[in-house]
Each structure stands twice: as C-alpha cells, then as structure tokens.
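J.: Please find one structure pasted underneath; my questions will follow.
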Amino acid sequence: MNNGLFEFIKKSPTAYHAVSNAAAMLEEAGAVRLSEKDEWKIEKGKKYFVTRNSSSVIAFSVPEGDAAGFMISAAHSDSPAFKIKPGGMIKDKRFVRLSTEKYGGMLCAPWFDRPLSVAGRVVVKTDDGVECRLVDLVRPVALIPSVAIHMNRSANENASYNPAVDMIPLVCEGERFSLDDETAKAAGVNKEDIVAADLFVYVPEHGVEWNGLISAPRLDDLQCAFASLRAFISAEPCGAVSVMGIFDNEEVGSSTKQGAASTFLEDTLKRISLSLGKSGTDHLRALASSMMVSCDNAHSVHPNHPEYADRGCDPVVNGGVVVKYNANQKYTTDAVSAALFSLICEKAGVPTQRYANRADIPGGSTLGSIANTKVSVNTVDVGLAQLAMHSCFETAGAADTEYLVRALEEFFRSSVKDAGDGKYLLN
Ligand code: ZN
C-alpha cells in the first residue's frame, strides 16, 4: 500500500501532477472522463470523473439501484511550497537564483540544504490559442544553502526566516542554468512558445518506510488523496452516489475557482442529479440524505513535545483514523457526523482516535467547513496522524494509509437517511 503511495507522491510534485495521476488511476479503473463544457450522459452502474483547472478532480460512481443521496469524500492536492515568480531568475555577478515566494504556510527550516527540483505547468502558444503542458525537471536543480554556524552563532536560537532573503534557492554559479531552456525542454516545446507558467520548487526525495513509520514529501494531503482514490476505485456503491473530490488551494484558503470554496462540488452534484433525470427538489432531498468525510492529515502527539497535544484528544501515528473536533467549527464534526462515521469504522474494523486542539492553541483550518458553505451536508473532519506537518519531508504511520482506505470503502458502500426526529438510518 505505502509503496503505491510513495510512487503516487513521487509522480505528483504539484497539484497539477497529482490530478493528472489521479485521472490516470481512475481511467485505468474504467471511470469515464467528463468535461464541464459538455452535456453529461450518465448511466447507472458506471464511474465518472471531471477535473477543473487540471488541479482539482471530482470522481463519482452511480449505483445500479436508486440512489438516495451522496456519500462524499474530500482531500486536497496542494502542499506548501515555493512558487516561482514571473521572470523566474535573479542574476548577480556571481550567482543565479530562483525568484520565489511562499505558497502556503510551511516550516521553513527543513527546506535548507536539500536538493530541490522544479515542476508545474507551462502554457504554450498554439496556431489557434494556447495549450497547457505539465513539466517536471525531476533532477535536482536548486538548493537553499544555510548560513554557516561560524557566520551566524545564534543560528540555533530564535531562528527566523525571511522568505525574500533567507529562502531564495540557488541554481548555479555563473550562467550554467536557464529555467526557460529547461522547462521548454521538459515540455517538449520551443522556449519562445511558452507564454506563461505556474512553476513550483519541490523536494524530489523518495518516500521511505522505517520502523513502522513512513516519511515522504507532501504526505499532507497526498496520503489522504491516495487513500480516497484507492477506496473509491475498489468500493461499489449501493444506496448512494459515491463522490470523491480532491481539491487544489487548501493551503491558501480554498477560495479559487477550483478550490473547496468554489462551485465545483456544488455544480458537479447538481449535474449528476439533473443527468439522472431528477428535479431540483429531488436534488435538495438527496442532499438531505448525504454525508461528507473531509480527509486532511491530523497532528500526532509529538514525542519531544507532548505538551502541545490536548490530554484525552491526543492521537498517535498508527492508531487509526483521527476524527477532529473544534467547538468553533473549524472542524465540521458534530455528535451526529461523529456517531455515523464511528459506526462506519466499526463495521470496517478500523480503529478511530480523537483530536482537538489544546484550548489555548488555535490550530489550522481545513476543507470541511469551507465546502459546507456551498454544499451543506452532515460532515465529519478526519485525517491520519502525522508528525512535522508542513515540513517538506513529513512522517506518518505506515499502518494508517490502509486504515483510511478501509474506512472509506465502507463509507462509499453505505448510505445515510435522515428519518426525522433526530433519527438517521445507516445502510
Ligand atoms: Zn492538509
């Protein structure tokens, strides 16, 4: 399982690549690619998927019988990284560096002194318009060097990193590297034809499994994205349409045309209902019998700093799927969604754990509550426990990927019905 995850991560340095690889996995499993610009003809018993901006994807599987509602999973395709600015390079007398800015809130320190590569997409001029192409330089082409301890004696105390000064990646001395040449070569086009680009600096390191743990770049949230893909592909839906979404831009607030705050999920669900011949009222009724699992990695107790964890809501790596709670609803979990999800995990034989922030630590936000403002359904926020979240090389439990796959397989095979008077039927 984790070898498959490592392979997926290796081929997915950016959200564009993650979605392209997800699409390939879905097509191999027989899912039919749809386009938002076309009319959809949907048949019962088949799987479909649609992408937006090539960086978000929603797949859905229609059961043979009547579908009461939607069983939806959500994960994200992006991770914190350094985005290359237009122009790309900063040249001075001695060095050539990449002109970058932060994408998302990363831990800066782990980015130092590692071989780095560049990937993303370029937009190329064609005879009648433009065309997007994925690029991945694969090999190391850059590095952010630390300042030696001899020059900065306080480097290990009160470290702070200025992204405009300390975090600029070096590409070479002199004139040995041209970003335009390299990206054009990787895209298989002339550099004059590249009109614009979305390029990121990434860590090309491979994942490793060691002593029951896994370490790799971008585990948040490709571990959940990969697990939800695997579960979606293997589970046959029964009483509901199963829907698997992987959204871009979670790390920068989701408010883009393809993010979880966009209309992408809402539009897709509406089109599924309309294509199945349902009325607008039928669609709203289906939403009332739907459920969402928002899957985004969670914090394990830290071995050196257990004081950051909340006592009693302190999950650990390899302990099973983590259900996240927050009184201020940064996590959507409530008693109903938690109860339904725990029954699903119980059926699947998957252990669950609880996470809540220490009451004096605000914590981060995620997909669930954002998606709920557009598609309002019973939602539970879950994730897999990990260490060093938003480092460029993160660590999680080797057993947990499989736990999430099994939990989501059971989820996709289930259906939830609001029976009124605070009663919910789970099939
Ligand atoms: Zn995340």
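Identifiers for the structure tokens are assigned positionally: chains receive A, B, ... in sequence, residues are indexed from 1 per chain, and ligands are indexed from 1 in the order shown.
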Kindly assemble as a Markdown table a list of the chain A residues that lie within 7 Å of ligand 1, each paired with its nearest atom pair and their distance in Å to one decimal, using only C-alpha atoms and all ligand atoms, sorted first by chain and then by ascending residue number.
T.:
| residue | atom | partner | partner_atom_place_in_ligand_line | distance |
| --- | --- | --- | --- | --- |
| A:His76 | CA | ligand 1 | 1 (Zn) | 6.6 |
| A:Asp220 | CA | ligand 1 | 1 (Zn) | 4.7 |
| A:Asp221 | CA | ligand 1 | 1 (Zn) | 4.8 |
| A:Glu250 | CA | ligand 1 | 1 (Zn) | 7.0 |
| A:Glu251 | CA | ligand 1 | 1 (Zn) | 6.9 |
| A:Asp296 | CA | ligand 1 | 1 (Zn) | 4.7 |
| A:Asn297 | CA | ligand 1 | 1 (Zn) | 5.6 |
| A:Thr366 | CA | ligand 1 | 1 (Zn) | 6.6 |
J.: Skip Ala240 (chain A) itself and residues of its chain fewer than 2 positions away, then list as a list in words all residues within 9 Å of it, counting only C-alpha atoms.
T.: Ser61, Val62, Pro63, Gly65, Asp66, Ala67, Ala68, Gly69, Phe70, Met71, Pro237, Cys238, Ser242, Ala286, Ser289, Ser290, Phe412, Arg413, Ser414, Ser415 and Val416 of chain A
J.: As a PDB file with N, CA and C atoms, in the first residue's frame, which residues of region 80-236 of chain A does DSSP assign to strand (DSSP E or B)?
T.:
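Saved the output as result_31.pdb:
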ATOM      1  N   ALA A  81       4.775  25.154  -0.625  1.00  0.00           N
ATOM      2  CA  ALA A  81       5.973  25.079  -1.489  1.00  0.00           C
ATOM      3  C   ALA A  81       6.416  26.501  -1.814  1.00  0.00           C
ATOM      4  N   PHE A  82       7.479  26.613  -2.590  1.00  0.00           N
ATOM      5  CA  PHE A  82       7.901  27.928  -3.082  1.00  0.00           C
ATOM      6  C   PHE A  82       7.480  28.048  -4.534  1.00  0.00           C
ATOM      7  N   LYS A  83       6.690  29.070  -4.827  1.00  0.00           N
ATOM      8  CA  LYS A  83       6.251  29.267  -6.209  1.00  0.00           C
ATOM      9  C   LYS A  83       7.233  30.209  -6.902  1.00  0.00           C
ATOM     10  N   ILE A  84       7.557  29.882  -8.131  1.00  0.00           N
ATOM     11  CA  ILE A  84       8.500  30.708  -8.892  1.00  0.00           C
ATOM     12  C   ILE A  84       7.744  31.885  -9.507  1.00  0.00           C
ATOM     13  N   LYS A  85       8.276  33.071  -9.279  1.00  0.00           N
ATOM     14  CA  LYS A  85       7.607  34.280  -9.767  1.00  0.00           C
ATOM     15  C   LYS A  85       7.803  34.439 -11.274  1.00  0.00           C
ATOM     16  N   PRO A  86       6.946  35.256 -11.915  1.00  0.00           N
ATOM     17  CA  PRO A  86       7.164  35.523 -13.340  1.00  0.00           C
ATOM     18  C   PRO A  86       8.566  36.098 -13.524  1.00  0.00           C
ATOM     19  N   GLY A  87       9.221  35.680 -14.566  1.00  0.00           N
ATOM     20  CA  GLY A  87      10.617  36.116 -14.762  1.00  0.00           C
ATOM     21  C   GLY A  87      11.558  35.030 -14.304  1.00  0.00           C
ATOM     22  N   GLY A  88      11.245  34.445 -13.169  1.00  0.00           N
ATOM     23  CA  GLY A  88      11.908  33.208 -12.749  1.00  0.00           C
ATOM     24  C   GLY A  88      13.270  33.301 -12.099  1.00  0.00           C
ATOM     25  N   MET A  89      14.169  34.162 -12.621  1.00  0.00           N
ATOM     26  CA  MET A  89      15.557  34.114 -12.158  1.00  0.00           C
ATOM     27  C   MET A  89      16.015  35.484 -11.631  1.00  0.00           C
ATOM     28  N   ILE A  90      16.903  35.409 -10.642  1.00  0.00           N
ATOM     29  CA  ILE A  90      17.587  36.619 -10.162  1.00  0.00           C
ATOM     30  C   ILE A  90      19.064  36.398 -10.465  1.00  0.00           C
ATOM     31  N   LYS A  91      19.670  37.302 -11.236  1.00  0.00           N
ATOM     32  CA  LYS A  91      21.082  37.127 -11.576  1.00  0.00           C
ATOM     33  C   LYS A  91      21.905  38.256 -10.974  1.00  0.00           C
ATOM     34  N   PHE A  95      26.117  34.677  -8.732  1.00  0.00           N
ATOM     35  CA  PHE A  95      25.155  33.588  -8.597  1.00  0.00           C
ATOM     36  C   PHE A  95      23.879  33.828  -9.399  1.00  0.00           C
ATOM     37  N   VAL A  96      23.258  32.718  -9.762  1.00  0.00           N
ATOM     38  CA  VAL A  96      21.921  32.786 -10.340  1.00  0.00           C
ATOM     39  C   VAL A  96      20.993  32.100  -9.340  1.00  0.00           C
ATOM     40  N   ARG A  97      19.894  32.772  -9.005  1.00  0.00           N
ATOM     41  CA  ARG A  97      18.942  32.202  -8.052  1.00  0.00           C
ATOM     42  C   ARG A  97      17.540  32.251  -8.642  1.00  0.00           C
ATOM     43  N   LEU A  98      16.638  31.449  -8.051  1.00  0.00           N
ATOM     44  CA  LEU A  98      15.251  31.462  -8.496  1.00  0.00           C
ATOM     45  C   LEU A  98      14.499  32.546  -7.733  1.00  0.00           C
ATOM     46  N   SER A  99      13.653  33.273  -8.440  1.00  0.00           N
ATOM     47  CA  SER A  99      12.844  34.296  -7.801  1.00  0.00           C
ATOM     48  C   SER A  99      11.563  33.627  -7.304  1.00  0.00           C
ATOM     49  N   THR A 100      11.435  33.516  -5.979  1.00  0.00           N
ATOM     50  CA  THR A 100      10.317  32.725  -5.441  1.00  0.00           C
ATOM     51  C   THR A 100       9.540  33.479  -4.368  1.00  0.00           C
ATOM     52  N   GLU A 101       8.353  32.986  -4.100  1.00  0.00           N
ATOM     53  CA  GLU A 101       7.600  33.424  -2.924  1.00  0.00           C
ATOM     54  C   GLU A 101       6.914  32.220  -2.320  1.00  0.00           C
ATOM     55  N   LYS A 102       6.491  32.346  -1.059  1.00  0.00           N
ATOM     56  CA  LYS A 102       5.895  31.215  -0.372  1.00  0.00           C
ATOM     57  C   LYS A 102       4.489  30.944  -0.894  1.00  0.00           C
ATOM     58  N   TYR A 103       4.194  29.659  -1.088  1.00  0.00           N
ATOM     59  CA  TYR A 103       2.817  29.230  -1.334  1.00  0.00           C
ATOM     60  C   TYR A 103       2.400  28.444  -0.097  1.00  0.00           C
ATOM     61  N   PHE A 112      16.145  23.912   3.954  1.00  0.00           N
ATOM     62  CA  PHE A 112      17.561  24.228   3.733  1.00  0.00           C
ATOM     63  C   PHE A 112      18.381  22.983   3.384  1.00  0.00           C
ATOM     64  N   LEU A 116      16.746  20.340  -4.618  1.00  0.00           N
ATOM     65  CA  LEU A 116      15.377  20.728  -4.967  1.00  0.00           C
ATOM     66  C   LEU A 116      15.189  20.647  -6.473  1.00  0.00           C
ATOM     67  N   SER A 117      13.968  20.397  -6.901  1.00  0.00           N
ATOM     68  CA  SER A 117      13.688  20.406  -8.331  1.00  0.00           C
ATOM     69  C   SER A 117      12.538  21.372  -8.623  1.00  0.00           C
ATOM     70  N   VAL A 118      12.131  21.445  -9.879  1.00  0.00           N
ATOM     71  CA  VAL A 118      11.102  22.393 -10.310  1.00  0.00           C
ATOM     72  C   VAL A 118      10.056  21.637 -11.130  1.00  0.00           C
ATOM     73  N   ALA A 119       8.777  21.910 -10.844  1.00  0.00           N
ATOM     74  CA  ALA A 119       7.696  21.290 -11.624  1.00  0.00           C
ATOM     75  C   ALA A 119       6.498  22.216 -11.641  1.00  0.00           C
ATOM     76  N   GLY A 120       5.554  21.926 -12.515  1.00  0.00           N
ATOM     77  CA  GLY A 120       4.335  22.727 -12.614  1.00  0.00           C
ATOM     78  C   GLY A 120       3.743  22.592 -13.996  1.00  0.00           C
ATOM     79  N   ARG A 121       3.207  23.711 -14.498  1.00  0.00           N
ATOM     80  CA  ARG A 121       2.665  23.670 -15.855  1.00  0.00           C
ATOM     81  C   ARG A 121       3.106  24.909 -16.618  1.00  0.00           C
ATOM     82  N   VAL A 122       3.250  24.737 -17.920  1.00  0.00           N
ATOM     83  CA  VAL A 122       3.515  25.890 -18.775  1.00  0.00           C
ATOM     84  C   VAL A 122       2.355  26.025 -19.749  1.00  0.00           C
ATOM     85  N   VAL A 123       2.089  27.247 -20.157  1.00  0.00           N
ATOM     86  CA  VAL A 123       1.045  27.491 -21.145  1.00  0.00           C
ATOM     87  C   VAL A 123       1.735  27.922 -22.437  1.00  0.00           C
ATOM     88  N   VAL A 124       1.464  27.139 -23.476  1.00  0.00           N
ATOM     89  CA  VAL A 124       2.212  27.254 -24.732  1.00  0.00           C
ATOM     90  C   VAL A 124       1.303  27.806 -25.833  1.00  0.00           C
ATOM     91  N   LYS A 125       1.902  28.665 -26.659  1.00  0.00           N
ATOM     92  CA  LYS A 125       1.181  29.237 -27.801  1.00  0.00           C
ATOM     93  C   LYS A 125       0.911  28.135 -28.842  1.00  0.00           C
ATOM     94  N   THR A 126      -0.319  28.094 -29.384  1.00  0.00           N
ATOM     95  CA  THR A 126      -0.610  27.169 -30.490  1.00  0.00           C
ATOM     96  C   THR A 126      -1.085  27.998 -31.684  1.00  0.00           C
ATOM     97  N   GLY A 129      -4.550  29.381 -30.364  1.00  0.00           N
ATOM     98  CA  GLY A 129      -4.781  29.744 -28.956  1.00  0.00           C
ATOM     99  C   GLY A 129      -3.614  29.348 -28.081  1.00  0.00           C
ATOM    100  N   VAL A 130      -3.909  28.735 -26.949  1.00  0.00           N
ATOM    101  CA  VAL A 130      -2.849  28.268 -26.040  1.00  0.00           C
ATOM    102  C   VAL A 130      -3.169  26.864 -25.544  1.00  0.00           C
ATOM    103  N   GLU A 131      -2.161  26.199 -25.012  1.00  0.00           N
ATOM    104  CA  GLU A 131      -2.319  24.838 -24.530  1.00  0.00           C
ATOM    105  C   GLU A 131      -1.464  24.648 -23.274  1.00  0.00           C
ATOM    106  N   CYS A 132      -2.021  23.953 -22.255  1.00  0.00           N
ATOM    107  CA  CYS A 132      -1.267  23.707 -21.013  1.00  0.00           C
ATOM    108  C   CYS A 132      -0.454  22.424 -21.137  1.00  0.00           C
ATOM    109  N   ARG A 133       0.751  22.464 -20.622  1.00  0.00           N
ATOM    110  CA  ARG A 133       1.582  21.240 -20.568  1.00  0.00           C
ATOM    111  C   ARG A 133       2.207  21.095 -19.192  1.00  0.00           C
ATOM    112  N   LEU A 134       2.220  19.864 -18.694  1.00  0.00           N
ATOM    113  CA  LEU A 134       2.876  19.599 -17.409  1.00  0.00           C
ATOM    114  C   LEU A 134       4.383  19.550 -17.612  1.00  0.00           C
ATOM    115  N   VAL A 135       5.106  20.059 -16.635  1.00  0.00           N
ATOM    116  CA  VAL A 135       6.568  19.916 -16.685  1.00  0.00           C
ATOM    117  C   VAL A 135       7.081  19.459 -15.324  1.00  0.00           C
ATOM    118  N   ASP A 136       8.114  18.642 -15.352  1.00  0.00           N
ATOM    119  CA  ASP A 136       8.788  18.205 -14.131  1.00  0.00           C
ATOM    120  C   ASP A 136      10.258  17.991 -14.498  1.00  0.00           C
ATOM    121  N   ALA A 142      18.316  22.927  -7.795  1.00  0.00           N
ATOM    122  CA  ALA A 142      18.441  24.079  -6.893  1.00  0.00           C
ATOM    123  C   ALA A 142      18.667  23.617  -5.461  1.00  0.00           C
ATOM    124  N   LEU A 143      19.048  24.572  -4.614  1.00  0.00           N
ATOM    125  CA  LEU A 143      19.270  24.269  -3.197  1.00  0.00           C
ATOM    126  C   LEU A 143      19.258  25.589  -2.423  1.00  0.00           C
ATOM    127  N   ILE A 144      18.698  25.562  -1.225  1.00  0.00           N
ATOM    128  CA  ILE A 144      18.729  26.772  -0.376  1.00  0.00           C
ATOM    129  C   ILE A 144      19.811  26.548   0.679  1.00  0.00           C
ATOM    130  N   LEU A 170      19.304  28.779  -4.673  1.00  0.00           N
ATOM    131  CA  LEU A 170      20.446  28.958  -5.579  1.00  0.00           C
ATOM    132  C   LEU A 170      20.322  27.943  -6.713  1.00  0.00           C
ATOM    133  N   VAL A 171      20.522  28.371  -7.958  1.00  0.00           N
ATOM    134  CA  VAL A 171      20.549  27.384  -9.040  1.00  0.00           C
ATOM    135  C   VAL A 171      21.944  27.139  -9.581  1.00  0.00           C
ATOM    136  N   CYS A 172      22.783  28.142  -9.595  1.00  0.00           N
ATOM    137  CA  CYS A 172      24.162  27.875 -10.015  1.00  0.00           C
ATOM    138  C   CYS A 172      25.041  29.107  -9.854  1.00  0.00           C
ATOM    139  N   GLU A 173      26.288  28.860 -10.093  1.00  0.00           N
ATOM    140  CA  GLU A 173      27.267  29.935 -10.142  1.00  0.00           C
ATOM    141  C   GLU A 173      27.440  30.228 -11.629  1.00  0.00           C
ATOM    142  N   ILE A 194       6.501  29.461 -24.988  1.00  0.00           N
ATOM    143  CA  ILE A 194       5.923  29.463 -23.638  1.00  0.00           C
ATOM    144  C   ILE A 194       5.451  30.876 -23.304  1.00  0.00           C
ATOM    145  N   VAL A 195       4.140  31.006 -23.071  1.00  0.00           N
ATOM    146  CA  VAL A 195       3.574  32.330 -22.818  1.00  0.00           C
ATOM    147  C   VAL A 195       3.547  32.636 -21.319  1.00  0.00           C
ATOM    148  N   ALA A 196       3.261  31.619 -20.497  1.00  0.00           N
ATOM    149  CA  ALA A 196       3.173  31.825 -19.049  1.00  0.00           C
ATOM    150  C   ALA A 196       3.376  30.480 -18.364  1.00  0.00           C
ATOM    151  N   ALA A 197       3.595  30.533 -17.045  1.00  0.00           N
ATOM    152  CA  ALA A 197       3.858  29.278 -16.331  1.00  0.00           C
ATOM    153  C   ALA A 197       3.426  29.373 -14.869  1.00  0.00           C
ATOM    154  N   ASP A 198       3.037  28.229 -14.305  1.00  0.00           N
ATOM    155  CA  ASP A 198       2.829  28.074 -12.858  1.00  0.00           C
ATOM    156  C   ASP A 198       3.843  27.037 -12.400  1.00  0.00           C
ATOM    157  N   LEU A 199       4.981  27.498 -11.891  1.00  0.00           N
ATOM    158  CA  LEU A 199       6.058  26.573 -11.532  1.00  0.00           C
ATOM    159  C   LEU A 199       6.364  26.642 -10.038  1.00  0.00           C
ATOM    160  N   PHE A 200       6.668  25.492  -9.472  1.00  0.00           N
ATOM    161  CA  PHE A 200       6.960  25.391  -8.041  1.00  0.00           C
ATOM    162  C   PHE A 200       8.304  24.693  -7.825  1.00  0.00           C
ATOM    163  N   VAL A 201       8.972  25.092  -6.745  1.00  0.00           N
ATOM    164  CA  VAL A 201      10.169  24.380  -6.301  1.00  0.00           C
ATOM    165  C   VAL A 201       9.685  23.255  -5.385  1.00  0.00           C
ATOM    166  N   TYR A 202      10.194  22.037  -5.582  1.00  0.00           N
ATOM    167  CA  TYR A 202       9.740  20.928  -4.732  1.00  0.00           C
ATOM    168  C   TYR A 202      10.913  20.042  -4.330  1.00  0.00           C
ATOM    169  N   VAL A 208      10.195   6.816   2.309  1.00  0.00           N
ATOM    170  CA  VAL A 208      10.814   5.628   2.923  1.00  0.00           C
ATOM    171  C   VAL A 208       9.925   5.118   4.050  1.00  0.00           C
ATOM    172  N   GLU A 209       9.939   3.789   4.218  1.00  0.00           N
ATOM    173  CA  GLU A 209       9.245   3.181   5.344  1.00  0.00           C
ATOM    174  C   GLU A 209      10.307   2.719   6.323  1.00  0.00           C
ATOM    175  N   TRP A 210      10.159   3.014   7.590  1.00  0.00           N
ATOM    176  CA  TRP A 210      11.179   2.658   8.586  1.00  0.00           C
ATOM    177  C   TRP A 210      10.507   2.464   9.944  1.00  0.00           C
ATOM    178  N   LEU A 213       7.019   3.445  10.443  1.00  0.00           N
ATOM    179  CA  LEU A 213       6.638   4.809  10.072  1.00  0.00           C
ATOM    180  C   LEU A 213       6.927   5.032   8.595  1.00  0.00           C
ATOM    181  N   ILE A 214       6.277   6.038   8.013  1.00  0.00           N
ATOM    182  CA  ILE A 214       6.617   6.435   6.645  1.00  0.00           C
ATOM    183  C   ILE A 214       7.016   7.906   6.646  1.00  0.00           C
ATOM    184  N   SER A 215       8.042   8.224   5.863  1.00  0.00           N
ATOM    185  CA  SER A 215       8.462   9.611   5.719  1.00  0.00           C
ATOM    186  C   SER A 215       8.532   9.935   4.234  1.00  0.00           C
ATOM    187  N   ALA A 216       7.963  11.053   3.861  1.00  0.00           N
ATOM    188  CA  ALA A 216       7.920  11.446   2.446  1.00  0.00           C
ATOM    189  C   ALA A 216       7.521  12.913   2.348  1.00  0.00           C
TER     190      ALA A 216
END
J.: Counting only C-alpha atoms, which residues of region 132-225 of chain A sit at most 7 Å from some atom of region 3-11 of chain A, and what is each one's closest atom pair with its distance in Å to one decimal, listed by chain and rising residue number, as JSON lines?
T.:
{"residue": "A:His206", "atom": "CA", "partner": "A:Lys10", "partner_atom": "CA", "distance": 6.4}
{"residue": "A:Gly207", "atom": "CA", "partner": "A:Phe6", "partner_atom": "CA", "distance": 5.3}
{"residue": "A:Leu222", "atom": "CA", "partner": "A:Ile9", "partner_atom": "CA", "distance": 6.8}
{"residue": "A:Gln223", "atom": "CA", "partner": "A:Leu5", "partner_atom": "CA", "distance": 6.8}
J.: How about saving the chosen residues, all heavy atoms kept, as a PDB file, in the first residue's frame?
T.:
ATOM      1  N   HIS A 206      12.558  10.594  -2.301  1.00  0.00           N
ATOM      2  CA  HIS A 206      11.617   9.471  -2.314  1.00  0.00           C
ATOM      3  C   HIS A 206      11.130   9.152  -0.914  1.00  0.00           C
ATOM      4  O   HIS A 206      11.847   9.356   0.058  1.00  0.00           O
ATOM      5  CB  HIS A 206      12.271   8.221  -2.905  1.00  0.00           C
ATOM      6  CG  HIS A 206      12.529   8.377  -4.369  1.00  0.00           C
ATOM      7  ND1 HIS A 206      12.854   7.341  -5.192  1.00  0.00           N
ATOM      8  CD2 HIS A 206      12.483   9.470  -5.157  1.00  0.00           C
ATOM      9  CE1 HIS A 206      13.021   7.792  -6.412  1.00  0.00           C
ATOM     10  NE2 HIS A 206      12.818   9.075  -6.420  1.00  0.00           N
ATOM     11  N   GLY A 207       9.939   8.590  -0.826  1.00  0.00           N
ATOM     12  CA  GLY A 207       9.406   8.166   0.457  1.00  0.00           C
ATOM     13  C   GLY A 207      10.144   6.939   0.986  1.00  0.00           C
ATOM     14  O   GLY A 207      10.657   6.135   0.203  1.00  0.00           O
ATOM     15  N   LEU A 222      -1.442  14.204   0.331  1.00  0.00           N
ATOM     16  CA  LEU A 222      -1.485  13.161  -0.693  1.00  0.00           C
ATOM     17  C   LEU A 222      -1.729  11.781  -0.092  1.00  0.00           C
ATOM     18  O   LEU A 222      -2.232  10.886  -0.770  1.00  0.00           O
ATOM     19  CB  LEU A 222      -0.214  13.172  -1.556  1.00  0.00           C
ATOM     20  CG  LEU A 222      -0.016  14.433  -2.406  1.00  0.00           C
ATOM     21  CD1 LEU A 222       1.179  14.261  -3.350  1.00  0.00           C
ATOM     22  CD2 LEU A 222      -1.261  14.779  -3.232  1.00  0.00           C
ATOM     23  N   GLN A 223      -1.418  11.607   1.207  1.00  0.00           N
ATOM     24  CA  GLN A 223      -1.728  10.329   1.851  1.00  0.00           C
ATOM     25  C   GLN A 223      -3.256  10.118   1.851  1.00  0.00           C
ATOM     26  O   GLN A 223      -3.734   9.033   1.518  1.00  0.00           O
ATOM     27  CB  GLN A 223      -1.185  10.317   3.288  1.00  0.00           C
ATOM     28  CG  GLN A 223      -1.237   8.941   3.942  1.00  0.00           C
ATOM     29  CD  GLN A 223      -0.682   8.938   5.371  1.00  0.00           C
ATOM     30  OE1 GLN A 223      -0.483   9.992   5.980  1.00  0.00           O
ATOM     31  NE2 GLN A 223      -0.423   7.759   5.896  1.00  0.00           N
TER      32      GLN A 223
END
J.: What does the distance from CA of Gly349 (chain A) to CA of Asn318 (chain A) come to in Å, to one decimal?
T.: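 Separating CA of Gly349 (chain A) from CA of Asn318 (chain A) is a distance of 14.3 Å.
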J.: Grab the CA of Val405 (chain A) to CA of Tyr16 (chain A) distance for me, in Å with one decimal place.
T.: 22.9 Å
J.: From the list A:Ser178, A:Ser273, A:Ser294, A:Thr332, which residue is nearest Ser73 (chain A) when using only C-alpha atoms?
T.: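 Once distances to Ser73 (chain A) are computed over only C-alpha atoms, the minimum belongs to A:Ser294.
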J.: At a cut-off of 7 Å, using only C-alpha atoms, what residues contact Asp310 (chain A)? Leave out same-chain residues fewer than 3 positions from it and give the result as a list in words.
T.: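 Near neighbours after the sequence-gap exclusion: Cys313, Asp314, Ala356, Asn357 and Arg358 of chain A.
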J.: For all heavy atoms, I'd like the residues from the last selection saved as an mmCIF file, in the first residue's frame.
T.:
data_model
loop_
_atom_site.group_PDB
_atom_site.id
_atom_site.type_symbol
_atom_site.label_atom_id
_atom_site.label_comp_id
_atom_site.auth_asym_id
_atom_site.auth_seq_id
_atom_site.Cartn_x
_atom_site.Cartn_y
_atom_site.Cartn_z
ATOM 1 N N CYS A 313 -7.440 14.013 23.840
ATOM 2 C CA CYS A 313 -7.698 14.101 22.393
ATOM 3 C C CYS A 313 -6.336 14.171 21.709
ATOM 4 O O CYS A 313 -6.009 15.138 21.019
ATOM 5 C CB CYS A 313 -8.532 15.323 22.057
ATOM 6 S SG CYS A 313 -10.214 15.172 22.643
ATOM 7 N N ASP A 314 -5.512 13.165 21.970
ATOM 8 C CA ASP A 314 -4.106 13.201 21.555
ATOM 9 C C ASP A 314 -3.746 11.962 20.739
ATOM 10 O O ASP A 314 -3.184 11.008 21.266
ATOM 11 C CB ASP A 314 -3.198 13.320 22.786
ATOM 12 C CG ASP A 314 -3.611 12.364 23.910
ATOM 13 O OD1 ASP A 314 -4.626 11.650 23.752
ATOM 14 O OD2 ASP A 314 -2.906 12.311 24.922
ATOM 15 N N ALA A 356 -8.459 17.146 19.229
ATOM 16 C CA ALA A 356 -8.934 18.523 19.432
ATOM 17 C C ALA A 356 -7.705 19.351 19.771
ATOM 18 O O ALA A 356 -6.758 18.837 20.380
ATOM 19 C CB ALA A 356 -9.958 18.585 20.559
ATOM 20 N N ASN A 357 -7.700 20.609 19.376
ATOM 21 C CA ASN A 357 -6.577 21.472 19.740
ATOM 22 C C ASN A 357 -6.578 21.698 21.245
ATOM 23 O O ASN A 357 -7.641 21.681 21.867
ATOM 24 C CB ASN A 357 -6.716 22.844 19.067
ATOM 25 C CG ASN A 357 -6.625 22.753 17.568
ATOM 26 O OD1 ASN A 357 -5.772 22.060 17.039
ATOM 27 N ND2 ASN A 357 -7.526 23.449 16.878
ATOM 28 N N ARG A 358 -5.373 21.904 21.805
ATOM 29 C CA ARG A 358 -5.327 22.408 23.176
ATOM 30 C C ARG A 358 -6.146 23.692 23.189
ATOM 31 O O ARG A 358 -6.091 24.469 22.226
ATOM 32 C CB ARG A 358 -3.863 22.756 23.513
ATOM 33 C CG ARG A 358 -3.262 21.965 24.664
ATOM 34 C CD ARG A 358 -1.856 22.425 24.875
ATOM 35 N NE ARG A 358 -1.853 23.682 25.644
ATOM 36 C CZ ARG A 358 -1.032 23.918 26.662
ATOM 37 N NH1 ARG A 358 -0.137 23.012 27.014
ATOM 38 N NH2 ARG A 358 -1.067 25.055 27.304
#
J.: Applying 12 Å and only C-alpha atoms, which residues near Leu219 (chain A) remain after dropping the ones on its own chain fewer than 5 positions away? List them as an NGL selection string.
T.: :A and (2 or 5-6 or 8-10 or 12-13 or 75-80 or 206-208 or 214 or 224-227 or 296-298 or 383-398 or 400-401)
J.: List the spatial neighbours of Arg311 (chain A) as a list in words - criterion: any atom at most 12 Å away, only C-alpha atoms, same-chain residues fewer than 4 positions off excluded.
T.: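 Those residues are Val301, Pro306, Glu307, Pro315, Arg354, Tyr355, Ala356, Asn357, Arg358 and Ala359 of chain A.
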J.: Here is a test: counting only C-alpha atoms, which residue of A:Gln353, A:Asn21, A:Thr373, A:Thr183 is nearest to Tyr325 (chain A)?
T.: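 Smallest distance to Tyr325 (chain A) is found for A:Gln353.
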J.: Rounded to one decimal in Å, what is the spacing between CA of Arg33 (chain A) and CA of Gly259 (chain A)?
T.: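 Here the two named atoms are 19.6 Å from each other.
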